[in-house]
>>> print(open('work02.tsv').read())   # TSV, C-alpha atoms
chain	number	residue	atom	x	y	z
A	1	MET	CA	0.00	0.00	0.00
A	2	THR	CA	1.35	3.42	-1.00
A	3	ALA	CA	1.01	6.43	1.27
A	4	GLN	CA	-1.46	8.96	-0.04
A	5	PHE	CA	-0.10	12.37	0.87
A	6	GLU	CA	-2.13	15.53	0.65
A	7	PRO	CA	-0.42	18.44	-1.12
A	8	ILE	CA	-0.27	20.42	2.16
A	9	VAL	CA	3.16	21.18	3.61
A	10	GLY	CA	3.56	22.43	7.19
A	11	ARG	CA	6.54	24.09	8.86
A	12	TYR	CA	7.36	25.84	12.11
A	13	MET	CA	8.40	29.48	11.92
A	14	GLN	CA	10.46	31.25	14.59
A	15	LEU	CA	9.11	34.77	14.88
A	16	ASP	CA	9.34	37.74	17.21
A	17	LEU	CA	5.84	38.98	18.00
A	18	PHE	CA	4.97	41.68	20.54
A	19	GLY	CA	8.65	41.65	21.62
A	20	ARG	CA	8.58	37.93	22.45
A	21	LYS	CA	9.82	34.82	20.70
A	22	HIS	CA	7.10	32.70	19.17
A	23	ARG	CA	6.99	29.37	17.43
A	24	ILE	CA	4.28	29.51	14.79
A	25	TYR	CA	2.98	26.65	12.71
A	26	VAL	CA	2.30	27.53	9.07
A	27	GLU	CA	0.97	25.30	6.35
A	28	GLU	CA	0.40	25.88	2.69
A	29	ALA	CA	-0.45	24.35	-0.65
A	30	GLY	CA	-0.61	25.56	-4.23
A	31	ALA	CA	1.08	28.29	-6.20
A	32	GLY	CA	0.06	31.70	-7.48
A	33	THR	CA	-1.71	34.58	-5.80
A	34	PRO	CA	-1.24	34.26	-2.04
A	35	LEU	CA	-4.46	33.53	-0.17
A	36	LEU	CA	-3.93	33.99	3.56
A	37	CYS	CA	-6.47	32.20	5.75
A	38	LEU	CA	-7.47	33.10	9.32
A	39	HIS	CA	-9.15	30.48	11.50
A	40	THR	CA	-11.97	30.99	14.00
A	41	ALA	CA	-11.71	31.50	17.76
A	42	GLY	CA	-10.58	28.42	19.65
A	43	SER	CA	-9.68	26.44	16.54
A	44	ASP	CA	-6.73	26.29	14.14
A	45	GLY	CA	-5.62	26.34	10.52
A	46	ARG	CA	-6.92	22.84	9.80
A	47	GLN	CA	-10.24	24.54	9.12
A	48	TYR	CA	-8.82	25.40	5.68
A	49	ARG	CA	-7.79	21.84	4.79
A	50	ALA	CA	-10.35	21.63	1.99
A	51	LEU	CA	-9.12	24.80	0.27
A	52	MET	CA	-5.59	23.40	0.30
A	53	ASN	CA	-6.79	20.11	-1.15
A	54	ASP	CA	-8.85	21.53	-4.01
A	55	GLU	CA	-7.10	22.03	-7.32
A	56	ARG	CA	-9.65	24.57	-8.47
A	57	ILE	CA	-8.13	26.82	-5.82
A	58	THR	CA	-4.51	25.68	-5.55
A	59	ARG	CA	-3.72	25.81	-9.25
A	60	ARG	CA	-3.93	29.60	-9.12
A	61	HIS	CA	-3.47	30.36	-5.43
A	62	ARG	CA	-0.83	29.77	-2.82
A	63	VAL	CA	-3.11	28.96	0.11
A	64	ILE	CA	-1.49	29.70	3.48
A	65	ALA	CA	-2.90	29.17	6.98
A	66	PHE	CA	-1.09	29.69	10.25
A	67	ASP	CA	-2.16	28.61	13.69
A	68	MET	CA	-2.34	31.67	15.93
A	69	PRO	CA	-0.08	31.58	18.99
A	70	TRP	CA	-1.68	29.31	21.65
A	71	HIS	CA	-3.66	27.48	18.93
A	72	GLY	CA	-3.18	24.22	17.04
A	73	LYS	CA	0.50	23.38	16.72
A	74	SER	CA	1.70	26.90	17.53
A	75	SER	CA	2.98	27.33	21.06
A	76	PRO	CA	2.15	30.01	23.55
A	77	PRO	CA	5.19	32.19	24.27
A	78	SER	CA	7.53	31.28	27.12
A	79	GLY	CA	6.05	32.45	30.41
A	80	TRP	CA	2.49	31.62	29.35
A	81	HIS	CA	1.87	29.42	32.37
A	82	ASN	CA	1.41	32.43	34.62
A	83	GLU	CA	-0.63	34.50	32.19
A	84	GLU	CA	-4.24	34.79	31.17
A	85	TYR	CA	-4.51	34.69	27.39
A	86	GLN	CA	-6.54	37.56	25.95
A	87	LEU	CA	-6.56	38.51	22.29
A	88	THR	CA	-6.82	42.20	21.44
A	89	SER	CA	-7.42	43.98	18.14
A	90	ALA	CA	-3.95	45.52	18.26
A	91	GLN	CA	-2.20	42.18	18.86
A	92	TYR	CA	-4.24	40.40	16.23
A	93	THR	CA	-3.48	43.08	13.62
A	94	THR	CA	0.24	43.08	14.45
A	95	MET	CA	0.35	39.28	14.31
A	96	ILE	CA	-1.16	39.12	10.83
A	97	LEU	CA	0.96	41.92	9.35
A	98	THR	CA	4.17	40.57	10.91
A	99	ILE	CA	3.52	37.08	9.58
A	100	MET	CA	2.77	38.50	6.12
A	101	THR	CA	6.06	40.39	6.18
A	102	ALA	CA	8.01	37.36	7.41
A	103	LEU	CA	6.51	35.19	4.65
A	104	GLU	CA	7.10	37.98	2.10
A	105	LEU	CA	3.47	37.92	1.01
A	106	GLU	CA	2.90	40.68	-1.50
A	107	ARG	CA	-0.67	41.92	-1.23
A	108	PRO	CA	-2.36	38.59	-0.50
A	109	ILE	CA	-6.04	37.94	-0.66
A	110	LEU	CA	-7.15	37.67	2.95
A	111	ILE	CA	-9.89	35.28	4.02
A	112	GLY	CA	-10.90	35.15	7.66
A	113	CYS	CA	-13.77	33.53	9.50
A	114	SER	CA	-15.57	34.70	12.66
A	115	ILE	CA	-12.85	36.43	14.69
A	116	GLY	CA	-10.90	36.20	11.44
A	117	GLY	CA	-13.80	37.87	9.66
A	118	ARG	CA	-13.92	40.58	12.29
A	119	ILE	CA	-10.20	41.36	12.08
A	120	ALA	CA	-10.62	41.33	8.31
A	121	LEU	CA	-12.91	44.34	8.75
A	122	HIS	CA	-10.30	46.03	10.96
A	123	LEU	CA	-7.64	45.38	8.30
A	124	ALA	CA	-9.92	46.58	5.50
A	125	LEU	CA	-10.28	49.81	7.43
A	126	GLU	CA	-6.73	50.33	8.66
A	127	HIS	CA	-4.44	48.54	6.18
A	128	PRO	CA	-6.30	48.19	2.87
A	129	GLU	CA	-3.10	48.80	0.87
A	130	ARG	CA	-1.62	45.56	2.17
A	131	PHE	CA	-4.28	43.36	0.56
A	132	ARG	CA	-5.46	42.54	-2.96
A	133	ALA	CA	-8.93	41.77	-1.63
A	134	ILE	CA	-10.53	40.81	1.66
A	135	ILE	CA	-13.09	38.06	2.15
A	136	GLY	CA	-14.90	38.10	5.48
A	137	LEU	CA	-16.66	34.88	6.43
A	138	GLN	CA	-19.23	35.21	9.21
A	139	ALA	CA	-18.05	38.78	9.60
A	140	GLY	CA	-20.04	41.15	11.77
A	141	ALA	CA	-19.07	44.39	13.47
A	142	HIS	CA	-19.94	43.19	16.98
A	143	VAL	CA	-21.46	40.28	18.92
A	144	ASP	CA	-23.00	40.72	22.36
A	145	PRO	CA	-22.04	38.03	24.90
A	146	TYR	CA	-24.94	35.60	25.20
A	147	TYR	CA	-23.55	33.17	27.75
A	148	ASP	CA	-21.21	33.35	30.72
A	149	LEU	CA	-17.75	33.02	29.18
A	150	ASN	CA	-16.34	31.81	32.52
A	151	PHE	CA	-17.81	28.39	31.77
A	152	LEU	CA	-15.19	28.02	29.06
A	153	HIS	CA	-12.35	27.92	31.57
A	154	ARG	CA	-12.97	26.50	35.00
A	155	PRO	CA	-11.86	23.23	36.54
A	156	ASP	CA	-15.31	21.71	36.99
A	157	VAL	CA	-16.24	22.00	33.30
A	158	HIS	CA	-14.14	20.23	30.67
A	159	GLY	CA	-12.84	23.00	28.42
A	160	GLY	CA	-12.67	21.00	25.22
A	161	GLU	CA	-16.05	19.37	25.69
A	162	VAL	CA	-17.83	22.61	26.51
A	163	ALA	CA	-16.17	24.59	23.69
A	164	ALA	CA	-17.34	22.03	21.14
A	165	ALA	CA	-20.79	21.80	22.72
A	166	ILE	CA	-21.16	25.59	22.70
A	167	VAL	CA	-20.41	25.83	18.99
A	168	SER	CA	-21.99	22.58	17.78
A	169	GLY	CA	-25.26	24.28	16.88
A	170	LEU	CA	-23.39	26.81	14.77
A	171	VAL	CA	-22.69	24.09	12.22
A	172	GLY	CA	-25.35	24.13	9.50
A	173	PRO	CA	-27.86	21.29	9.19
A	174	ASP	CA	-26.54	19.99	5.86
A	175	ALA	CA	-22.91	19.55	6.94
A	176	PRO	CA	-21.65	16.02	6.25
A	177	ASP	CA	-21.08	14.22	9.55
A	178	SER	CA	-17.36	13.70	8.92
A	179	GLU	CA	-16.73	17.42	8.37
A	180	ARG	CA	-19.08	18.46	11.19
A	181	TRP	CA	-17.24	16.34	13.73
A	182	GLU	CA	-13.80	17.17	12.36
A	183	THR	CA	-14.72	20.83	12.89
A	184	LEU	CA	-15.87	20.13	16.45
A	185	TRP	CA	-12.82	18.01	17.20
A	186	HIS	CA	-10.60	21.04	16.61
A	187	TYR	CA	-12.60	22.84	19.30
A	188	MET	CA	-12.23	19.90	21.66
A	189	GLN	CA	-8.46	20.13	21.23
A	190	GLY	CA	-8.08	23.79	22.21
A	191	GLY	CA	-5.84	24.68	25.14
A	192	PRO	CA	-7.34	25.81	28.46
A	193	GLY	CA	-8.78	29.31	28.28
A	194	VAL	CA	-7.80	29.89	24.66
A	195	PHE	CA	-11.30	29.99	23.18
A	196	LYS	CA	-12.33	32.31	25.99
A	197	GLY	CA	-9.30	34.51	25.38
A	198	ASP	CA	-10.18	34.80	21.68
A	199	LEU	CA	-13.73	35.77	22.55
A	200	TYR	CA	-12.37	38.74	24.47
A	201	PHE	CA	-11.56	40.16	21.05
A	202	TYR	CA	-14.80	38.92	19.46
A	203	LYS	CA	-17.23	40.16	22.10
A	204	LEU	CA	-15.46	43.03	23.83
A	205	ASP	CA	-12.28	44.54	22.43
A	206	GLY	CA	-12.93	44.10	18.70
A	207	ASP	CA	-16.19	46.06	18.44
A	208	ILE	CA	-15.91	48.01	15.18
A	209	ARG	CA	-19.51	49.21	14.84
A	210	GLY	CA	-18.57	52.85	15.14
A	211	ARG	CA	-15.95	52.74	12.37
A	212	VAL	CA	-17.02	50.09	9.91
A	213	ALA	CA	-18.68	52.62	7.62
A	214	ASP	CA	-15.27	54.20	7.01
A	215	ILE	CA	-14.02	51.17	5.07
A	216	ASP	CA	-13.11	52.30	1.55
A	217	THR	CA	-13.63	49.45	-0.92
A	218	SER	CA	-11.94	51.44	-3.69
A	219	LEU	CA	-8.69	50.78	-1.82
A	220	CYS	CA	-9.40	47.09	-1.28
A	221	PRO	CA	-12.44	45.12	-2.45
A	222	LEU	CA	-14.49	43.57	0.38
A	223	PHE	CA	-16.57	40.42	0.02
A	224	LEU	CA	-18.76	39.08	2.82
A	225	LEU	CA	-20.02	35.49	2.86
A	226	SER	CA	-22.15	34.34	5.78
A	227	GLY	CA	-23.95	31.11	6.57
A	228	GLU	CA	-27.70	31.19	7.02
A	229	TYR	CA	-27.60	29.12	10.23
A	230	ASP	CA	-25.04	31.20	12.10
A	231	TYR	CA	-26.56	32.63	15.26
A	232	SER	CA	-23.23	33.97	16.53
A	233	CYS	CA	-22.69	36.30	13.60
A	234	THR	CA	-26.15	36.34	12.08
A	235	PRO	CA	-26.89	37.04	8.40
A	236	GLU	CA	-28.55	40.27	9.57
A	237	GLU	CA	-25.31	41.41	11.20
A	238	THR	CA	-23.32	40.72	8.04
A	239	LEU	CA	-25.93	42.48	5.91
A	240	ALA	CA	-25.76	45.45	8.26
A	241	VAL	CA	-22.01	45.70	7.60
A	242	ALA	CA	-22.61	45.40	3.86
A	243	LYS	CA	-25.21	48.13	3.99
A	244	SER	CA	-22.87	50.54	5.73
A	245	VAL	CA	-19.86	49.79	3.50
A	246	PRO	CA	-20.49	51.06	-0.06
A	247	GLY	CA	-19.05	48.75	-2.71
A	248	SER	CA	-18.93	45.68	-0.48
A	249	GLU	CA	-20.63	42.52	-1.71
A	250	ALA	CA	-22.48	40.26	0.71
A	251	THR	CA	-23.95	36.82	0.10
A	252	ILE	CA	-25.89	34.69	2.56
A	253	MET	CA	-25.02	31.04	2.08
A	254	LYS	CA	-28.08	28.76	2.34
A	255	GLY	CA	-27.90	25.90	4.78
A	256	LEU	CA	-24.40	26.77	5.96
A	257	GLY	CA	-23.38	27.78	9.46
A	258	HIS	CA	-20.49	29.49	11.20
A	259	PHE	CA	-17.64	27.35	9.79
A	260	PRO	CA	-18.38	27.16	6.05
A	261	MET	CA	-14.86	26.24	4.88
A	262	SER	CA	-14.62	23.42	7.39
A	263	GLU	CA	-18.17	22.16	8.00
A	264	ASN	CA	-19.25	21.83	4.38
A	265	PRO	CA	-16.51	22.66	1.88
A	266	ALA	CA	-18.37	21.42	-1.19
A	267	GLU	CA	-21.26	23.81	-0.58
A	268	PHE	CA	-18.96	26.62	0.47
A	269	PHE	CA	-16.96	26.42	-2.75
A	270	ARG	CA	-20.10	27.21	-4.72
A	271	TYR	CA	-19.89	30.65	-3.13
A	272	LEU	CA	-16.13	31.05	-2.80
A	273	LEU	CA	-15.02	30.12	-6.31
A	274	PRO	CA	-16.97	32.90	-8.04
A	275	VAL	CA	-15.53	35.41	-5.56
A	276	LEU	CA	-11.96	34.24	-6.27
A	277	GLU	CA	-12.77	34.38	-9.99
A	278	LYS	CA	-13.93	37.95	-9.60
A	279	ILE	CA	-10.84	38.96	-7.65
A	280	GLY	CA	-8.70	37.33	-10.33
A	281	GLY	CA	-5.00	36.64	-10.23
B	282	MET	CA	-44.40	13.98	23.58
B	283	ILE	CA	-42.13	14.97	26.48
B	284	GLU	CA	-43.16	11.74	28.23
B	285	THR	CA	-41.31	9.82	25.51
B	286	LEU	CA	-37.98	11.38	26.46
B	287	GLY	CA	-37.03	8.41	28.62
B	288	HIS	CA	-37.16	5.73	25.97
B	289	ARG	CA	-35.75	8.06	23.30
B	290	VAL	CA	-32.69	8.89	25.40
B	291	ASN	CA	-32.24	5.52	27.04
B	292	GLY	CA	-32.34	3.80	23.66
B	293	ASP	CA	-29.25	5.68	22.56
B	294	GLU	CA	-26.38	3.72	24.05
B	295	ALA	CA	-23.70	6.28	23.13
B	296	LEU	CA	-25.68	9.15	24.62
B	297	VAL	CA	-26.23	7.25	27.87
B	298	ARG	CA	-22.54	6.35	28.01
B	299	ARG	CA	-21.53	10.01	27.58
B	300	GLY	CA	-23.93	10.87	30.40
B	301	ARG	CA	-22.70	8.20	32.82
B	302	PHE	CA	-21.34	10.77	35.28
B	303	LEU	CA	-24.55	12.81	35.21
B	304	THR	CA	-27.18	12.39	37.92
B	305	THR	CA	-29.57	15.30	38.38
B	306	THR	CA	-33.14	16.54	38.18
B	307	PHE	CA	-33.94	19.53	36.00
B	308	LEU	CA	-37.08	21.48	35.24
B	309	LEU	CA	-38.25	21.94	31.66
B	310	GLU	CA	-40.93	24.54	31.05
B	311	VAL	CA	-42.76	24.41	27.75
B	312	GLY	CA	-44.87	27.52	27.91
B	313	PRO	CA	-47.19	27.09	30.91
B	314	THR	CA	-46.46	23.37	31.31
B	315	ALA	CA	-43.67	22.27	33.64
B	316	TRP	CA	-41.86	18.94	33.52
B	317	LEU	CA	-39.46	17.55	36.10
B	318	ILE	CA	-36.95	15.28	34.45
B	319	SER	CA	-34.70	13.04	36.52
B	320	ILE	CA	-31.52	11.54	35.15
B	321	PHE	CA	-29.51	8.81	36.87
B	322	GLU	CA	-26.06	8.03	35.46
B	323	GLY	CA	-27.09	9.16	31.99
B	324	LYS	CA	-30.48	7.44	31.89
B	325	VAL	CA	-33.74	9.36	32.10
B	326	VAL	CA	-35.48	7.65	35.02
B	327	SER	CA	-38.54	9.85	35.40
B	328	VAL	CA	-40.47	12.49	33.51
B	329	ALA	CA	-43.21	14.06	35.63
B	330	ARG	CA	-45.73	16.60	34.40
B	331	GLY	CA	-46.64	19.57	36.57
B	332	PRO	CA	-48.12	21.63	38.01
B	333	PHE	CA	-45.91	21.16	41.05
B	334	VAL	CA	-46.24	22.70	44.50
B	335	MET	CA	-42.54	22.80	45.40
B	336	PRO	CA	-40.44	21.37	42.59
B	337	SER	CA	-36.76	20.85	43.41
B	338	SER	CA	-34.36	20.93	40.53
B	339	SER	CA	-30.72	21.74	39.84
B	340	PHE	CA	-31.60	24.10	37.01
B	341	ALA	CA	-34.51	25.12	34.82
B	342	LEU	CA	-34.91	25.64	31.08
B	343	ARG	CA	-37.87	27.87	30.25
B	344	ALA	CA	-39.15	28.88	26.80
B	345	PRO	CA	-42.49	29.63	25.19
B	346	GLU	CA	-44.25	26.63	23.66
B	347	GLU	CA	-43.95	27.94	20.10
B	348	GLU	CA	-40.18	28.21	20.51
B	349	TRP	CA	-39.88	24.60	21.65
B	350	GLN	CA	-42.12	23.51	18.78
B	351	LYS	CA	-39.77	25.17	16.31
B	352	PHE	CA	-36.78	23.60	18.09
B	353	TRP	CA	-38.46	20.19	17.86
B	354	SER	CA	-39.47	20.53	14.20
B	355	PRO	CA	-37.74	18.10	11.80
B	356	ARG	CA	-35.57	20.83	10.27
B	357	PRO	CA	-35.58	23.76	12.68
B	358	PRO	CA	-35.20	27.16	11.05
B	359	PRO	CA	-32.12	29.32	11.69
B	360	GLY	CA	-32.19	30.64	15.25
B	361	SER	CA	-34.24	27.67	16.48
B	362	ASN	CA	-31.90	24.76	15.78
B	363	ASP	CA	-29.97	24.72	19.05
B	364	LEU	CA	-30.38	25.53	22.75
B	365	MET	CA	-27.64	28.17	22.45
B	366	ALA	CA	-29.48	29.74	19.49
B	367	LEU	CA	-32.59	30.09	21.66
B	368	ILE	CA	-30.50	31.56	24.48
B	369	LYS	CA	-28.88	34.00	22.04
B	370	ARG	CA	-32.34	35.23	21.01
B	371	ARG	CA	-33.23	35.54	24.71
B	372	VAL	CA	-36.27	33.27	24.31
B	373	LEU	CA	-34.80	30.42	26.36
B	374	LYS	CA	-34.02	31.19	29.97
B	375	ALA	CA	-31.54	28.93	31.71
B	376	GLU	CA	-31.61	29.43	35.47
B	377	GLY	CA	-30.20	27.69	38.52
B	378	ASP	CA	-26.94	25.76	38.89
B	379	LEU	CA	-25.81	26.04	35.31
B	380	GLN	CA	-22.51	24.28	35.97
B	381	ILE	CA	-24.44	21.01	35.62
B	382	LEU	CA	-25.89	22.13	32.30
B	383	MET	CA	-22.61	23.44	30.93
B	384	ALA	CA	-20.47	20.51	32.10
B	385	ASN	CA	-22.88	18.21	30.24
B	386	LEU	CA	-23.95	20.57	27.47
B	387	ARG	CA	-23.58	18.10	24.62
B	388	TYR	CA	-25.67	15.58	26.57
B	389	PHE	CA	-28.51	18.02	27.25
B	390	LYS	CA	-28.53	19.35	23.68
B	391	GLU	CA	-28.70	15.87	22.22
B	392	ALA	CA	-31.18	14.58	24.79
B	393	LEU	CA	-33.64	17.42	24.17
B	394	ALA	CA	-33.17	17.14	20.41
B	395	LYS	CA	-34.36	13.54	20.73
B	396	LEU	CA	-37.86	15.01	20.92
B	397	ARG	CA	-37.49	16.29	17.38
B	398	ARG	CA	-40.11	14.78	15.12
B	399	ALA	CA	-38.83	12.13	12.69
B	400	GLY	CA	-35.88	11.67	15.04
B	401	ALA	CA	-33.53	14.12	13.36
B	402	GLU	CA	-30.20	14.53	15.13
B	403	ALA	CA	-29.10	17.47	17.24
>>> encode(input="work02.tsv", output="structure tokens")
Amino acid sequence: MTAQFEPIVGRYMQLDLFGRKHRIYVEEAGAGTPLLCLHTAGSDGRQYRALMNDERITRRHRVIAFDMPWHGKSSPPSGWHNEEYQLTSAQYTTMILTIMTALELERPILIGCSIGGRIALHLALEHPERFRAIIGLQAGAHVDPYYDLNFLHRPDVHGGEVAAAIVSGLVGPDAPDSERWETLWHYMQGGPGVFKGDLYFYKLDGDIRGRVADIDTSLCPLFLLSGEYDYSCTPEETLAVAKSVPGSEATIMKGLGHFPMSENPAEFFRYLLPVLEKIGG
Amino acid sequence: MIETLGHRVNGDEALVRRGRFLTTTFLLEVGPTAWLISIFEGKVVSVARGPFVMPSSSFALRAPEEEWQKFWSPRPPPGSNDLMALIKRRVLKAEGDLQILMANLRYFKEALAKLRRAGAEA
């Protein structure tokens, strides 16, 4: 029996971030226009496995996903054991731009989901010149907390089990079981307090409602794709962003949820491929 | 329909196994109708219909009847497909010792989704 390897290659990058040494896991596949992928809160770059395995995308795009520090195969920085992890807008922005510089990515297309979709809006506003186009998945300007985030990190509740159980209903009803549970497995594998720390950005620090209308799509095109079944970032919240950003294009994806690229890639590509076609090489 | 929760849950071996460390009694309110549901080591051992004079429970889940009916429909619409979706829309109130609910969240979501018509999954 011969090993069947996927075309994805992963490596560890040593990088100074926020004045500290980090070890960041980066994987990629394909060649062409760089397409930089940002995973959701509490998960990792495996969410983009289908993009990296689909020739319709990789024959014209170099698809790159990194695991954020503390996530997936990236480590937290030395000293983490006495810290509480909390993601801020400023850190998240610096992280993405520093990684782009280190990888020498010249004006990539950016695609980010959930917290990745939110920071995509921040980047569209503050650094549009660095990107060829921005695709926000499940991108809204703000989400109010709707449960007590402390349940995500306390010793009498299993962090991995509760993180996956919290988000399980965000997967759309038509997701194939294998992809649904792969998506949830990533949540079950998150480190203690990491999902909660990401949600600090998502629900508190990263509120961009007051500034989102200042995004100038003539500097960088903005596409918004949101799943119909997402109750974290609802279709209404995405449409509200689209309404306030002239020139942006929003599409609600039927039957999909909060993790379109991971929960149901085949359906998601029906929406993504035309957007990539429109952006062009 | 709620009365059938016992055999629906107890017939799912994997669900019962995942609930093996769960023993509690919780209150389910479907509009004006209250139900006390007792679980012993993952099995639903009693489902009692109110009204009750002094019901004791670890926590309560309360939502209007029409919200539960949407949740229990074969293909619930967006916003009605999950307990957390109902909580997000502020139509489901979860009150009491929620550590028990949250530590066993997958169990409770899947157990209550068992009442979905045509037996669709959570």
>>> atom_distance(input="work02.tsv", atom1="atom CA of A:Ser78", atom2="atom CA of A:Tyr12")
16.0 Å
>>> closest_residue(input="work02.tsv", among="A:Val275, A:Ile215, A:Val171, A:Ile109", to="chain B", atoms="only C-alpha atoms")
A:Val171
>>> atom_distance(input="work02.tsv", atom1="atom CA of A:Tyr146", atom2="atom CA of A:Asp174")
24.9 Å
>>> interface_residues(input="work02.tsv", of="chain A", to="chain B", cutoff="9 Å", atoms="only C-alpha atoms", output="list in words")
Asp144, Pro145, Tyr146, Tyr147, Phe151, Leu152, Asp156, Val157, His158, Gly159, Glu161, Val162, Ala164, Ala165, Ile166, Val167, Ser168, Gly169, Leu170, Gly172, Pro173, Glu228, Tyr229, Asp230, Tyr231, Ser232, Thr234 and Gly255 of chain A
>>> atom_distance(input="work02.tsv", atom1="atom CA of A:Lys254", atom2="atom CA of A:Ile134")
21.3 Å
>>> residues_around(input="work02.tsv", residues="stretch 321-336 of chain B", least_positions_apart="4", cutoff="6 Å", atoms="all atoms listed in the file", output="PyMOL selection string")
chain B and resi 284+287+291+297+300-304+315-317
>>> residues_around(input="work02.tsv", residues="B:Glu310", least_positions_apart="5", cutoff="8 Å", atoms="all atoms listed in the file", output="PyMOL selection string")
chain B and resi 315-316+341-345
>>> residues_near_point(input="work02.tsv", point="(-9.9, 25.1, -4.8)", cutoff="10 Å", atoms="all atoms listed in the file", output="list of chain:residue names")
A:Gly30, A:Ala50, A:Leu51, A:Met52, A:Asn53, A:Asp54, A:Glu55, A:Arg56, A:Ile57, A:Thr58, A:Arg59, A:Arg60, A:His61, A:Val63, A:Pro265, A:Ala266, A:Phe269, A:Leu272, A:Leu273, A:Leu276
>>> residues_around(input="work02.tsv", residues="B:Thr306", least_positions_apart="6", cutoff="8 Å", atoms="all atoms listed in the file", output="ChimeraX atom specification")
/B:317-320,337-340
>>> closest_residue(input="work02.tsv", among="A:Tyr25, A:Trp185, A:Tyr92, A:Phe5", to="A:Ser75", atoms="all atoms listed in the file")
A:Tyr25
>>> residues_near_point(input="work02.tsv", point="(11.9, 31.0, 22.7)", cutoff="10 Å", atoms="all atoms listed in the file", output="JSON list (two decimals) with C-alpha atoms, in the coordinates of the input")
[["chain", "number", "residue", "atom", "x", "y", "z"],
["A", 14, "GLN", "CA", 10.46, 31.25, 14.59],
["A", 15, "LEU", "CA", 9.11, 34.77, 14.88],
["A", 16, "ASP", "CA", 9.34, 37.74, 17.21],
["A", 20, "ARG", "CA", 8.58, 37.93, 22.45],
["A", 21, "LYS", "CA", 9.82, 34.82, 20.70],
["A", 22, "HIS", "CA", 7.10, 32.70, 19.17],
["A", 23, "ARG", "CA", 6.99, 29.37, 17.43],
["A", 75, "SER", "CA", 2.98, 27.33, 21.06],
["A", 76, "PRO", "CA", 2.15, 30.01, 23.55],
["A", 77, "PRO", "CA", 5.19, 32.19, 24.27],
["A", 78, "SER", "CA", 7.53, 31.28, 27.12],
["A", 79, "GLY", "CA", 6.05, 32.45, 30.41]]
